[in-house]
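Here is the file final.cif (mmCIF, C-alpha atoms and all ligand atoms).
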data_my_file
loop_
_atom_site.label_atom_id
_atom_site.label_comp_id
_atom_site.auth_asym_id
_atom_site.auth_seq_id
_atom_site.Cartn_x
_atom_site.Cartn_y
_atom_site.Cartn_z
CA MET A 76 -26.44 8.06 -9.76
CA THR A 77 -24.77 7.03 -6.49
CA ARG A 78 -22.45 4.06 -6.93
CA ARG A 79 -22.08 1.39 -4.26
CA LEU A 80 -18.40 0.52 -3.87
CA VAL A 81 -16.89 -2.19 -1.67
CA VAL A 82 -13.47 -1.46 -0.17
CA LEU A 83 -11.76 -4.62 1.08
CA GLY A 84 -9.17 -3.56 3.67
CA GLY A 85 -10.95 -0.22 4.20
CA ALA A 86 -9.83 0.16 7.84
CA GLY A 87 -6.16 0.22 6.87
CA PHE A 88 -3.85 3.12 6.17
CA LEU A 89 -4.55 3.43 2.42
CA GLY A 90 -8.05 1.94 2.53
CA SER A 91 -9.37 4.47 5.05
CA HIS A 92 -8.13 7.40 2.95
CA LEU A 93 -9.73 5.76 -0.09
CA CYS A 94 -13.06 5.48 1.78
CA ASP A 95 -12.84 9.20 2.66
CA HIS A 96 -12.14 10.14 -0.96
CA LEU A 97 -15.01 8.04 -2.38
CA LEU A 98 -17.53 9.26 0.22
CA ALA A 99 -16.49 12.89 -0.33
CA ARG A 100 -17.41 12.64 -4.00
CA GLY A 101 -20.79 11.06 -3.26
CA ASP A 102 -20.20 7.31 -3.63
CA GLU A 103 -21.65 4.85 -1.12
CA VAL A 104 -18.97 2.74 0.56
CA VAL A 105 -19.12 -0.70 2.15
CA CYS A 106 -15.88 -1.26 4.02
CA VAL A 107 -14.86 -4.86 4.74
CA ASP A 108 -12.00 -5.53 7.15
CA ASP A 109 -10.84 -8.06 9.74
CA PHE A 110 -8.81 -5.42 11.66
CA SER A 111 -5.69 -7.61 11.56
CA THR A 112 -3.38 -4.71 10.64
CA GLY A 113 -5.95 -1.93 10.33
CA ARG A 114 -7.65 0.07 13.07
CA ARG A 115 -11.26 0.94 13.92
CA ASP A 116 -9.89 4.40 14.78
CA ASN A 117 -9.16 5.03 11.09
CA LEU A 118 -12.90 4.94 10.38
CA ALA A 119 -14.20 6.43 13.65
CA HIS A 120 -14.93 9.78 11.98
CA LEU A 121 -17.23 7.98 9.49
CA ALA A 122 -19.30 6.15 12.12
CA SER A 123 -22.38 8.29 11.55
CA HIS A 124 -21.86 8.89 7.82
CA PRO A 125 -25.05 7.75 6.05
CA GLY A 126 -23.12 6.52 2.99
CA CYS A 127 -20.68 4.33 4.88
CA SER A 128 -21.15 0.87 6.36
CA LEU A 129 -18.68 -1.52 7.92
CA VAL A 130 -18.57 -5.32 7.69
CA GLU A 131 -16.11 -7.25 9.86
CA ALA A 132 -14.86 -10.27 7.91
CA ASP A 133 -11.73 -12.08 6.77
CA VAL A 134 -11.94 -11.76 2.96
CA SER A 135 -10.08 -15.03 2.46
CA GLU A 136 -12.99 -16.80 4.23
CA GLY A 137 -15.86 -14.90 2.60
CA ILE A 138 -17.18 -11.45 1.72
CA PRO A 139 -20.64 -11.14 3.29
CA VAL A 140 -21.93 -8.23 1.20
CA ASP A 141 -25.43 -8.46 -0.31
CA GLY A 142 -27.16 -6.29 -2.86
CA ALA A 143 -25.97 -4.34 -5.87
CA VAL A 144 -22.27 -3.55 -6.12
CA ASP A 145 -20.71 -1.27 -8.75
CA GLY A 146 -17.07 -1.66 -7.79
CA VAL A 147 -14.71 -3.69 -5.61
CA PHE A 148 -11.34 -2.33 -4.46
CA HIS A 149 -9.14 -5.13 -3.07
CA LEU A 150 -6.69 -3.65 -0.57
CA ALA A 151 -7.08 -6.34 2.11
CA SER A 152 -3.59 -7.65 2.83
CA PRO A 153 -0.88 -7.00 5.37
CA ALA A 154 1.48 -4.54 3.64
CA SER A 155 4.30 -3.65 6.04
CA PRO A 156 7.18 -6.18 5.92
CA PRO A 157 7.06 -6.89 9.70
CA ASP A 158 3.27 -7.36 9.42
CA TYR A 159 3.38 -9.83 6.53
CA LEU A 160 6.44 -11.66 7.88
CA ALA A 161 4.50 -12.19 11.13
CA ARG A 162 1.44 -13.46 9.17
CA PRO A 163 2.86 -15.52 6.29
CA LEU A 164 -0.10 -17.86 5.75
CA GLN A 165 -2.72 -15.12 6.19
CA THR A 166 -0.86 -12.97 3.65
CA LEU A 167 -0.84 -15.77 1.08
CA ALA A 168 -4.55 -16.40 1.76
CA ALA A 169 -5.46 -12.71 1.38
CA GLY A 170 -3.69 -12.59 -2.00
CA SER A 171 -5.09 -15.88 -3.27
CA GLU A 172 -8.50 -16.73 -1.73
CA GLY A 173 -9.18 -13.09 -0.83
CA THR A 174 -8.58 -12.04 -4.44
CA ARG A 175 -10.70 -14.91 -5.78
CA ARG A 176 -13.60 -13.97 -3.52
CA GLY A 177 -13.31 -10.32 -4.47
CA LEU A 178 -13.32 -11.24 -8.16
CA GLU A 179 -16.32 -13.56 -7.66
CA LEU A 180 -18.25 -10.72 -6.04
CA ALA A 181 -17.36 -8.34 -8.87
CA ALA A 182 -18.18 -10.93 -11.55
CA ALA A 183 -21.54 -11.79 -9.94
CA CYS A 184 -22.52 -8.10 -9.72
CA GLY A 185 -21.09 -6.95 -13.06
CA ALA A 186 -18.84 -4.62 -11.05
CA ARG A 187 -15.37 -3.27 -11.81
CA PHE A 188 -12.58 -4.84 -9.71
CA LEU A 189 -9.40 -2.98 -8.79
CA LEU A 190 -6.49 -4.96 -7.38
CA ALA A 191 -4.06 -3.13 -5.09
CA SER A 192 -0.89 -4.83 -6.31
CA THR A 193 2.58 -3.65 -5.46
CA SER A 194 6.02 -2.64 -6.67
CA GLU A 195 7.16 -5.78 -4.82
CA VAL A 196 6.12 -7.80 -7.89
CA TYR A 197 9.36 -6.40 -9.41
CA GLY A 198 11.36 -7.85 -6.47
CA ASP A 199 14.96 -6.61 -6.48
CA PRO A 200 14.65 -5.02 -9.92
CA ALA A 201 17.25 -5.45 -12.65
CA VAL A 202 15.47 -2.74 -14.69
CA HIS A 203 15.49 0.79 -13.29
CA PRO A 204 13.18 2.71 -13.13
CA GLN A 205 10.55 -0.02 -13.22
CA VAL A 206 8.26 -0.09 -16.25
CA GLU A 207 5.08 -2.18 -16.25
CA SER A 208 6.48 -4.45 -18.99
CA TYR A 209 9.32 -5.60 -16.69
CA TRP A 210 8.57 -9.07 -15.27
CA GLY A 211 10.58 -8.71 -12.09
CA ASN A 212 13.24 -10.49 -10.07
CA VAL A 213 11.57 -12.21 -7.12
CA ASN A 214 12.97 -14.93 -4.84
CA PRO A 215 10.03 -17.37 -4.80
CA VAL A 216 11.12 -19.15 -1.61
CA GLY A 217 12.54 -16.32 0.54
CA PRO A 218 10.64 -14.86 3.52
CA ARG A 219 9.27 -11.93 1.46
CA SER A 220 7.80 -14.33 -1.10
CA VAL A 221 4.64 -14.69 1.01
CA TYR A 222 3.80 -11.13 -0.01
CA ASP A 223 5.49 -10.83 -3.42
CA GLU A 224 4.20 -14.13 -4.79
CA ALA A 225 0.73 -13.65 -3.28
CA LYS A 226 0.48 -10.36 -5.21
CA ARG A 227 1.90 -11.91 -8.39
CA TYR A 228 -0.68 -14.70 -8.12
CA ALA A 229 -3.38 -12.09 -7.42
CA GLU A 230 -2.40 -10.28 -10.64
CA ALA A 231 -2.48 -13.58 -12.60
CA LEU A 232 -5.91 -14.47 -11.17
CA THR A 233 -7.28 -11.00 -11.92
CA MET A 234 -6.10 -11.20 -15.54
CA ALA A 235 -7.52 -14.73 -15.87
CA TYR A 236 -10.97 -13.55 -14.72
CA ALA A 237 -10.82 -10.75 -17.29
CA ARG A 238 -9.81 -13.13 -20.10
CA THR A 239 -12.06 -16.03 -19.15
CA LEU A 240 -15.20 -14.39 -17.79
CA GLY A 241 -14.86 -10.89 -19.20
CA THR A 242 -14.74 -9.38 -15.69
CA ASP A 243 -13.97 -5.66 -15.77
CA VAL A 244 -10.63 -5.36 -13.92
CA ALA A 245 -7.79 -2.97 -13.20
CA VAL A 246 -4.38 -3.72 -11.65
CA ALA A 247 -2.59 -0.93 -9.78
CA ARG A 248 1.05 -1.46 -8.83
CA ILE A 249 1.39 0.73 -5.77
CA PHE A 250 4.83 2.05 -4.76
CA ASN A 251 5.83 3.01 -1.19
CA THR A 252 3.16 5.32 0.19
CA TYR A 253 3.23 7.32 3.44
CA GLY A 254 1.05 9.78 5.30
CA PRO A 255 -1.26 10.30 8.27
CA ARG A 256 -2.80 7.13 9.83
CA LEU A 257 0.33 5.02 9.42
CA ARG A 258 0.42 3.03 12.66
CA PRO A 259 3.30 4.20 14.90
CA ASP A 260 4.31 0.53 15.30
CA ASP A 261 3.67 -0.35 11.65
CA GLY A 262 7.38 -1.03 11.12
CA ARG A 263 7.70 0.68 7.73
CA VAL A 264 10.49 3.16 7.21
CA VAL A 265 8.61 6.46 7.39
CA SER A 266 6.62 5.62 10.53
CA ASN A 267 9.70 4.14 12.25
CA PHE A 268 11.93 7.13 11.44
CA VAL A 269 9.32 9.75 12.38
CA VAL A 270 8.47 8.11 15.72
CA GLN A 271 12.16 7.63 16.52
CA ALA A 272 12.95 11.26 15.61
CA LEU A 273 10.09 12.56 17.74
CA ARG A 274 11.34 10.54 20.71
CA GLY A 275 14.95 11.65 20.21
CA ASP A 276 16.01 8.03 19.58
CA ASP A 277 18.53 7.14 16.90
CA LEU A 278 16.94 6.31 13.54
CA THR A 279 17.41 2.62 12.65
CA ILE A 280 18.93 2.41 9.16
CA TYR A 281 18.90 -1.19 7.91
CA GLY A 282 22.11 -2.04 6.04
CA ASP A 283 24.33 0.81 4.83
CA GLY A 284 21.39 3.04 3.85
CA SER A 285 22.32 3.18 0.16
CA GLN A 286 19.16 1.32 -0.90
CA THR A 287 16.54 3.59 -2.47
CA ARG A 288 12.77 4.02 -2.30
CA SER A 289 10.43 6.50 -4.02
CA LEU A 290 7.81 7.81 -1.64
CA CYS A 291 4.28 8.86 -2.59
CA TYR A 292 2.03 10.94 -0.32
CA VAL A 293 -1.23 9.13 0.46
CA ALA A 294 -3.61 11.71 -1.06
CA ASP A 295 -1.71 11.51 -4.36
CA GLU A 296 -1.76 7.71 -4.24
CA VAL A 297 -5.51 7.57 -3.61
CA ALA A 298 -6.17 10.04 -6.45
CA GLY A 299 -4.19 7.74 -8.76
CA LEU A 300 -6.10 4.63 -7.66
CA VAL A 301 -9.44 6.37 -8.20
CA ALA A 302 -8.35 7.72 -11.61
CA LEU A 303 -7.49 4.16 -12.63
CA PHE A 304 -10.79 2.81 -11.28
CA ASP A 305 -12.71 5.51 -13.19
CA SER A 306 -10.89 4.73 -16.45
CA ASP A 307 -11.39 1.73 -18.71
CA LEU A 308 -7.73 0.76 -18.43
CA THR A 309 -6.79 -2.76 -17.26
CA GLY A 310 -3.10 -2.18 -16.69
CA PRO A 311 -1.06 -3.07 -14.76
CA VAL A 312 -0.36 0.59 -14.04
CA ASN A 313 2.39 1.90 -11.76
CA ILE A 314 0.92 4.36 -9.24
CA GLY A 315 3.70 6.01 -7.27
CA ASN A 316 6.00 8.98 -6.99
CA PRO A 317 9.19 8.78 -9.09
CA ASP A 318 11.23 11.00 -6.70
CA GLU A 319 13.87 8.57 -5.45
CA TYR A 320 15.87 8.83 -2.20
CA THR A 321 18.42 6.68 -0.44
CA ILE A 322 17.32 5.57 3.02
CA THR A 323 20.18 7.64 4.47
CA GLU A 324 18.83 10.75 2.68
CA LEU A 325 15.36 9.99 4.02
CA ALA A 326 16.71 9.69 7.58
CA ARG A 327 18.47 13.07 7.26
CA THR A 328 15.33 14.71 5.86
CA ILE A 329 13.16 13.38 8.69
CA ILE A 330 15.67 14.55 11.32
CA GLU A 331 15.57 17.98 9.63
CA VAL A 332 11.77 18.18 9.31
CA THR A 333 11.26 17.20 12.96
CA GLY A 334 14.18 19.33 14.24
CA SER A 335 15.23 16.25 16.23
CA PRO A 336 18.55 15.78 18.08
CA SER A 337 18.52 12.10 16.95
CA GLY A 338 21.42 10.44 15.15
CA VAL A 339 21.34 7.21 13.17
CA VAL A 340 22.25 3.65 14.05
CA HIS A 341 22.74 0.78 11.60
CA ARG A 342 20.91 -2.56 11.89
CA PRO A 343 21.11 -5.68 9.70
CA LEU A 344 19.44 -5.48 6.30
CA PRO A 345 16.32 -7.69 6.04
CA VAL A 346 16.66 -10.74 3.76
CA ASP A 347 16.01 -9.92 0.06
CA ASP A 348 15.49 -6.20 0.79
CA PRO A 349 15.27 -4.59 -2.70
CA THR A 350 18.32 -2.41 -3.44
CA ARG A 351 16.41 0.21 -5.45
CA ARG A 352 12.89 1.12 -6.42
CA ARG A 353 11.46 3.85 -8.61
CA PRO A 354 8.33 3.78 -10.76
CA ASP A 355 8.22 4.81 -14.40
CA ILE A 356 4.82 6.52 -14.42
CA THR A 357 4.64 7.38 -18.13
CA LEU A 358 1.56 5.17 -18.54
CA ALA A 359 -0.34 6.76 -15.62
CA ARG A 360 0.62 10.26 -16.82
CA ASN A 361 -0.47 9.64 -20.42
CA ALA A 362 -3.49 7.38 -19.95
CA LEU A 363 -4.90 8.76 -16.68
CA GLY A 364 -3.61 12.34 -16.69
CA TRP A 365 -2.40 11.61 -13.17
CA GLU A 366 0.86 12.40 -11.40
CA PRO A 367 1.77 13.04 -7.77
CA THR A 368 2.02 16.68 -6.70
CA THR A 369 2.90 16.65 -2.96
CA PRO A 370 6.57 17.44 -2.22
CA LEU A 371 8.26 15.11 0.31
CA ALA A 372 8.81 17.85 2.94
CA GLU A 373 5.12 18.82 2.81
CA GLY A 374 3.88 15.22 3.04
CA LEU A 375 6.31 14.48 5.86
CA ALA A 376 5.14 17.51 7.87
CA LEU A 377 1.54 16.19 7.71
CA THR A 378 2.74 12.71 8.67
CA VAL A 379 4.79 14.04 11.59
CA ALA A 380 1.73 15.86 12.93
CA SER A 381 -0.37 12.68 12.76
CA LEU A 382 2.28 10.35 14.24
CA GLY A 383 3.14 12.95 16.88
CA ALA A 384 -0.47 12.91 18.05
CA ALA A 385 -0.50 9.08 18.03
CA ALA A 386 2.79 8.92 19.97
CA GLY A 387 1.18 11.19 22.56
CA ARG A 388 -1.45 8.46 22.92
CA GLY A 389 1.27 5.88 23.70
CA GLY A 390 2.42 4.75 20.22
CA ASN A 391 5.80 3.18 19.70
CA ALA A 392 8.14 2.36 16.82
CA ARG A 393 9.42 -1.08 16.05
CA ASN A 394 13.18 -1.30 16.56
CA GLY A 395 15.61 -3.52 14.72
CA ALA A 396 15.41 -5.21 11.33
CA ALA A 397 12.28 -7.10 10.45
CA SER A 398 13.98 -10.28 9.38
P1 LIG A 401 -2.60 -1.74 6.02
O1 LIG A 401 -2.03 -2.91 6.72
O2 LIG A 401 -2.68 -0.45 6.75
O3 LIG A 401 -4.05 -2.07 5.48
C1 LIG A 401 -4.49 -3.34 5.10
C2 LIG A 401 -5.91 -3.54 5.62
O4 LIG A 401 -6.38 -4.81 5.19
C3 LIG A 401 -5.98 -3.52 7.15
O5 LIG A 401 -7.08 -2.74 7.57
C4 LIG A 401 -6.19 -4.99 7.53
O6 LIG A 401 -6.86 -5.14 8.74
C5 LIG A 401 -6.97 -5.48 6.32
N1 LIG A 401 -6.82 -6.93 6.07
C6 LIG A 401 -5.69 -7.64 5.97
N2 LIG A 401 -5.97 -8.94 5.72
C7 LIG A 401 -7.33 -9.03 5.66
C8 LIG A 401 -8.24 -10.09 5.43
N3 LIG A 401 -7.82 -11.35 5.21
N4 LIG A 401 -9.56 -9.81 5.46
C9 LIG A 401 -10.02 -8.56 5.69
N5 LIG A 401 -9.19 -7.51 5.91
C10 LIG A 401 -7.87 -7.74 5.89
O7 LIG A 401 -1.76 -1.57 4.68
P2 LIG A 401 -1.83 -0.42 3.57
O8 LIG A 401 -0.51 0.22 3.51
O9 LIG A 401 -3.03 0.40 3.77
O10 LIG A 401 -1.98 -1.30 2.25
C11 LIG A 401 -3.23 -1.49 1.62
C12 LIG A 401 -3.06 -2.30 0.34
O11 LIG A 401 -2.20 -1.59 -0.56
C13 LIG A 401 -2.43 -3.67 0.55
O12 LIG A 401 -3.07 -4.60 -0.29
C14 LIG A 401 -0.99 -3.48 0.12
O13 LIG A 401 -0.43 -4.66 -0.39
C15 LIG A 401 -1.12 -2.41 -0.96
N6 LIG A 401 0.12 -1.64 -1.07
C16 LIG A 401 0.41 -0.68 -0.15
C17 LIG A 401 1.61 0.01 -0.25
C18 LIG A 401 1.99 1.11 0.73
O14 LIG A 401 3.08 1.67 0.62
N7 LIG A 401 1.12 1.49 1.66
C19 LIG A 401 2.53 -0.29 -1.27
C20 LIG A 401 2.19 -1.30 -2.17
C21 LIG A 401 0.98 -1.96 -2.07
N1 LIG A 402 14.15 0.48 6.64
C1 LIG A 402 15.12 1.03 7.47
N2 LIG A 402 14.81 1.26 8.77
C2 LIG A 402 13.57 1.01 9.29
C3 LIG A 402 12.58 0.45 8.44
C4 LIG A 402 12.91 0.20 7.12
O1 LIG A 402 16.26 1.30 7.03
O2 LIG A 402 13.37 1.27 10.48
C5 LIG A 402 14.49 0.26 5.21
C6 LIG A 402 14.16 -1.14 4.69
O3 LIG A 402 15.23 -2.02 4.92
C7 LIG A 402 13.95 -0.84 3.20
C8 LIG A 402 13.35 0.57 3.20
O4 LIG A 402 13.70 1.15 4.45
O5 LIG A 402 15.18 -0.81 2.52
C9 LIG A 402 11.84 0.59 3.03
O6 LIG A 402 11.31 -0.30 3.99
P1 LIG A 402 9.76 -0.48 4.26
O7 LIG A 402 9.62 -1.55 5.29
O8 LIG A 402 9.13 0.83 4.52
O9 LIG A 402 9.15 -0.97 2.87
P2 LIG A 402 9.63 -1.92 1.69
O10 LIG A 402 9.87 -1.01 0.55
O11 LIG A 402 10.89 -2.64 2.08
O12 LIG A 402 8.48 -2.82 1.52
#

Kindly transcribe the structure held in the file into structure tokens.
Amino acid sequence: MTRRLVVLGGAGFLGSHLCDHLLARGDEVVCVDDFSTGRRDNLAHLASHPGCSLVEADVSEGIPVDGAVDGVFHLASPASPPDYLARPLQTLAAGSEGTRRGLELAAACGARFLLASTSEVYGDPAVHPQVESYWGNVNPVGPRSVYDEAKRYAEALTMAYARTLGTDVAVARIFNTYGPRLRPDDGRVVSNFVVQALRGDDLTIYGDGSQTRSLCYVADEVAGLVALFDSDLTGPVNIGNPDEYTITELARTIIEVTGSPSGVVHRPLPVDDPTRRRPDITLARNALGWEPTTPLAEGLALTVASLGAAAGRGGNARNGAAS
């Protein structure tokens, strides 16, 4: 039987790939987005798909979706640091009211609800790699708190719905993900470095470049989210790639992959920038049979092709530290 799934934030980077994946396997998809950080272009290829519909709405104000719903994926939130730092109140609203409205919809329809949470709930982690049982180290009043605390609240609300109303829920803690459809001006590290390398500009390393991130290719990430949704696991479950790189190593790799003459330039480190990040994915491996399979060089080559095409259409990278 075809399932009708609502993807909140479906016009974004991750959400649009998720819509593609669900439609390809025969699900019907209702995508809800306010296009604040997402793009209509990301869904243009689905415009005439009979299984896909699009609703323009701010999920923190309401989710105008009628009829039967079998699942709700909540990805609607700014995700890039420059995006959420530019929209602090909207980010808090998407995590709080947006999550509540998504949960209400799922509860009313007897649908499963999947929250796209984040590795940012671990803040600047004192435990490395990060296991789901670690409670995190978050500055509750710093500039990043609008995102970190919104997601921590969203997790608390999701668990409260499960405990109080018996809503069927899953919490995915997503780690840094990259791939085609990242906006050239998104401001995250991979899109910035690739656009800068393609233009022959110096790559902007924030701080000394010794901080680490673990990068997951988008197709792997989406497969993990769907495996979690299809399971009966509540989580939270880390969904990410445990291969960890310093930002300096990432810059070198991107210069190599693009064959660019670019060098690097150092810029101030954003406030509360986590010093290291790497998921422990034992739970996802054992309970979901999932693990990422795309090597960094392969994923970067696909990303370079996509951002190269976008740059040809006039895209630009953000320069300088976000905060
Ligand atoms: P994105 O900015 O590309 O996508 C977010 C989408 O949500 C956009 O289409 C935007 O227009 C929409 N949106 C934002 N606020 C909304 C609102 N109030 N109402 C309706 N739509 C709204 O970001 P992304 O990288 O695709 O991230 C998607 C989700 O995954 C986010 O919830 C993010 O927190 C989470 N996540 C992403 C990553 C990553 O590395 N990409 C890491 C951790 C968590
Ligand atoms: N970063 C950088 N140069 C850039 C953009 C980001 O050095 O042009 C660094 C940033 O300070 C952080 C890491 O790269 O340490 C990842 O940043 P991103 O914004 O992609 O995501 P975060 O993991 O911080 O949410």

Using only C-alpha atoms and all ligand atoms, what does the table of chain A residues within 8 Å of ligand LIG 401 (chain A) look like, with each row giving the shortest atom pair and its distance in Å to one decimal, sorted by chain and ascending number, as CSV?
residue,atom,partner,partner_atom,distance
A:Leu83,CA,A:LIG401,N5,6.2
A:Gly84,CA,A:LIG401,O4,3.4
A:Gly85,CA,A:LIG401,O5,5.7
A:Ala86,CA,A:LIG401,O5,4.0
A:Gly87,CA,A:LIG401,O5,3.2
A:Phe88,CA,A:LIG401,O9,3.7
A:Leu89,CA,A:LIG401,O9,3.6
A:Gly90,CA,A:LIG401,O9,5.4
A:Ser91,CA,A:LIG401,O9,7.6
A:Val107,CA,A:LIG401,C9,6.2
A:Asp108,CA,A:LIG401,N5,3.7
A:Asp109,CA,A:LIG401,C9,4.2
A:Phe110,CA,A:LIG401,O6,3.5
A:Ser111,CA,A:LIG401,O6,3.9
A:Thr112,CA,A:LIG401,O6,4.0
A:Gly113,CA,A:LIG401,O5,3.1
A:Arg114,CA,A:LIG401,O5,6.2
A:Glu131,CA,A:LIG401,C9,7.5
A:Ala132,CA,A:LIG401,C9,5.6
A:Asp133,CA,A:LIG401,N4,3.4
A:Val134,CA,A:LIG401,N4,4.0
A:Ser135,CA,A:LIG401,N3,5.1
A:Glu136,CA,A:LIG401,N3,7.6
A:His149,CA,A:LIG401,O12,6.7
A:Leu150,CA,A:LIG401,O12,3.8
A:Ala151,CA,A:LIG401,O4,3.5
A:Ser152,CA,A:LIG401,C6,3.8
A:Pro153,CA,A:LIG401,O1,4.5
A:Ala154,CA,A:LIG401,C14,4.4
A:Ser155,CA,A:LIG401,O1,6.4
A:Asp158,CA,A:LIG401,O1,7.4
A:Gln165,CA,A:LIG401,N3,6.4
A:Thr166,CA,A:LIG401,N2,6.8
A:Ala168,CA,A:LIG401,N3,6.9
A:Ala169,CA,A:LIG401,N3,4.7
A:Gly173,CA,A:LIG401,N3,6.4
A:Leu190,CA,A:LIG401,O12,7.9
A:Ala191,CA,A:LIG401,O12,5.1
A:Ser192,CA,A:LIG401,C21,5.5
A:Thr193,CA,A:LIG401,C20,4.1
A:Ser194,CA,A:LIG401,C20,6.1
A:Glu195,CA,A:LIG401,C20,7.2
A:Tyr222,CA,A:LIG401,O13,7.7
A:Lys226,CA,A:LIG401,O13,7.5
A:Arg248,CA,A:LIG401,C20,6.8
A:Ile249,CA,A:LIG401,C20,4.2
A:Phe250,CA,A:LIG401,C19,4.8
A:Asn251,CA,A:LIG401,O14,3.6
A:Thr252,CA,A:LIG401,O14,3.7
A:Tyr253,CA,A:LIG401,O14,6.3
A:Leu257,CA,A:LIG401,O2,6.8
A:Arg258,CA,A:LIG401,O2,7.5
A:Asp261,CA,A:LIG401,O1,8.0
A:Cys291,CA,A:LIG401,O14,8.0

Export C-alpha atoms of the chosen residues as an mmCIF file, in the frame of the given file?
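Writing the result to selection33.cif gives the following:
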data_model
loop_
_atom_site.group_PDB
_atom_site.id
_atom_site.type_symbol
_atom_site.label_atom_id
_atom_site.label_comp_id
_atom_site.auth_asym_id
_atom_site.auth_seq_id
_atom_site.Cartn_x
_atom_site.Cartn_y
_atom_site.Cartn_z
ATOM 1 C CA LEU A 83 -11.760 -4.620 1.080
ATOM 2 C CA GLY A 84 -9.170 -3.560 3.670
ATOM 3 C CA GLY A 85 -10.950 -0.220 4.200
ATOM 4 C CA ALA A 86 -9.830 0.160 7.840
ATOM 5 C CA GLY A 87 -6.160 0.220 6.870
ATOM 6 C CA PHE A 88 -3.850 3.120 6.170
ATOM 7 C CA LEU A 89 -4.550 3.430 2.420
ATOM 8 C CA GLY A 90 -8.050 1.940 2.530
ATOM 9 C CA SER A 91 -9.370 4.470 5.050
ATOM 10 C CA VAL A 107 -14.860 -4.860 4.740
ATOM 11 C CA ASP A 108 -12.000 -5.530 7.150
ATOM 12 C CA ASP A 109 -10.840 -8.060 9.740
ATOM 13 C CA PHE A 110 -8.810 -5.420 11.660
ATOM 14 C CA SER A 111 -5.690 -7.610 11.560
ATOM 15 C CA THR A 112 -3.380 -4.710 10.640
ATOM 16 C CA GLY A 113 -5.950 -1.930 10.330
ATOM 17 C CA ARG A 114 -7.650 0.070 13.070
ATOM 18 C CA GLU A 131 -16.110 -7.250 9.860
ATOM 19 C CA ALA A 132 -14.860 -10.270 7.910
ATOM 20 C CA ASP A 133 -11.730 -12.080 6.770
ATOM 21 C CA VAL A 134 -11.940 -11.760 2.960
ATOM 22 C CA SER A 135 -10.080 -15.030 2.460
ATOM 23 C CA GLU A 136 -12.990 -16.800 4.230
ATOM 24 C CA HIS A 149 -9.140 -5.130 -3.070
ATOM 25 C CA LEU A 150 -6.690 -3.650 -0.570
ATOM 26 C CA ALA A 151 -7.080 -6.340 2.110
ATOM 27 C CA SER A 152 -3.590 -7.650 2.830
ATOM 28 C CA PRO A 153 -0.880 -7.000 5.370
ATOM 29 C CA ALA A 154 1.480 -4.540 3.640
ATOM 30 C CA SER A 155 4.300 -3.650 6.040
ATOM 31 C CA ASP A 158 3.270 -7.360 9.420
ATOM 32 C CA GLN A 165 -2.720 -15.120 6.190
ATOM 33 C CA THR A 166 -0.860 -12.970 3.650
ATOM 34 C CA ALA A 168 -4.550 -16.400 1.760
ATOM 35 C CA ALA A 169 -5.460 -12.710 1.380
ATOM 36 C CA GLY A 173 -9.180 -13.090 -0.830
ATOM 37 C CA LEU A 190 -6.490 -4.960 -7.380
ATOM 38 C CA ALA A 191 -4.060 -3.130 -5.090
ATOM 39 C CA SER A 192 -0.890 -4.830 -6.310
ATOM 40 C CA THR A 193 2.580 -3.650 -5.460
ATOM 41 C CA SER A 194 6.020 -2.640 -6.670
ATOM 42 C CA GLU A 195 7.160 -5.780 -4.820
ATOM 43 C CA TYR A 222 3.800 -11.130 -0.010
ATOM 44 C CA LYS A 226 0.480 -10.360 -5.210
ATOM 45 C CA ARG A 248 1.050 -1.460 -8.830
ATOM 46 C CA ILE A 249 1.390 0.730 -5.770
ATOM 47 C CA PHE A 250 4.830 2.050 -4.760
ATOM 48 C CA ASN A 251 5.830 3.010 -1.190
ATOM 49 C CA THR A 252 3.160 5.320 0.190
ATOM 50 C CA TYR A 253 3.230 7.320 3.440
ATOM 51 C CA LEU A 257 0.330 5.020 9.420
ATOM 52 C CA ARG A 258 0.420 3.030 12.660
ATOM 53 C CA ASP A 261 3.670 -0.350 11.650
ATOM 54 C CA CYS A 291 4.280 8.860 -2.590
#

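Using all atoms listed in the file, the nearest neighbour of Gly334 (chain A) within the list A:Leu382, A:Leu308, A:Leu273, A:Val202 is A:Leu273.
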
Using all atoms listed in the file, I'd like a table of the residues in chain A that come within 7 Å of ligand LIG 402 (chain A); for each, show the closest atom pair and its distance in Å rounded to one decimal, ordered by chain and ascending number, as CSV.
residue,atom,partner,partner_atom,distance
A:Ser155,CA,A:LIG402,O7,5.8
A:Pro156,CA,A:LIG402,O7,5.3
A:Asn251,CA,A:LIG402,O10,6.0
A:Gly262,CA,A:LIG402,C3,6.0
A:Arg263,CA,A:LIG402,O8,3.5
A:Val264,CA,A:LIG402,C3,3.6
A:Val265,CA,A:LIG402,O8,6.3
A:Asn267,CA,A:LIG402,O2,5.0
A:Phe268,CA,A:LIG402,O2,6.1
A:Leu278,CA,A:LIG402,O2,6.9
A:Thr279,CA,A:LIG402,O2,4.8
A:Ile280,CA,A:LIG402,O1,3.6
A:Tyr281,CA,A:LIG402,O1,3.7
A:Gly282,CA,A:LIG402,O1,6.8
A:Gly284,CA,A:LIG402,O1,6.3
A:Gln286,CA,A:LIG402,O5,5.7
A:Thr287,CA,A:LIG402,O5,6.8
A:Arg288,CA,A:LIG402,C9,6.4
A:Ile322,CA,A:LIG402,O4,5.9
A:Leu344,CA,A:LIG402,O3,5.6
A:Pro345,CA,A:LIG402,O3,5.9
A:Asp348,CA,A:LIG402,O5,5.7
A:Pro349,CA,A:LIG402,O5,6.4
A:Thr350,CA,A:LIG402,O5,6.9
A:Asn394,CA,A:LIG402,O2,6.6
A:Gly395,CA,A:LIG402,O2,6.8
A:Ala396,CA,A:LIG402,C2,6.8
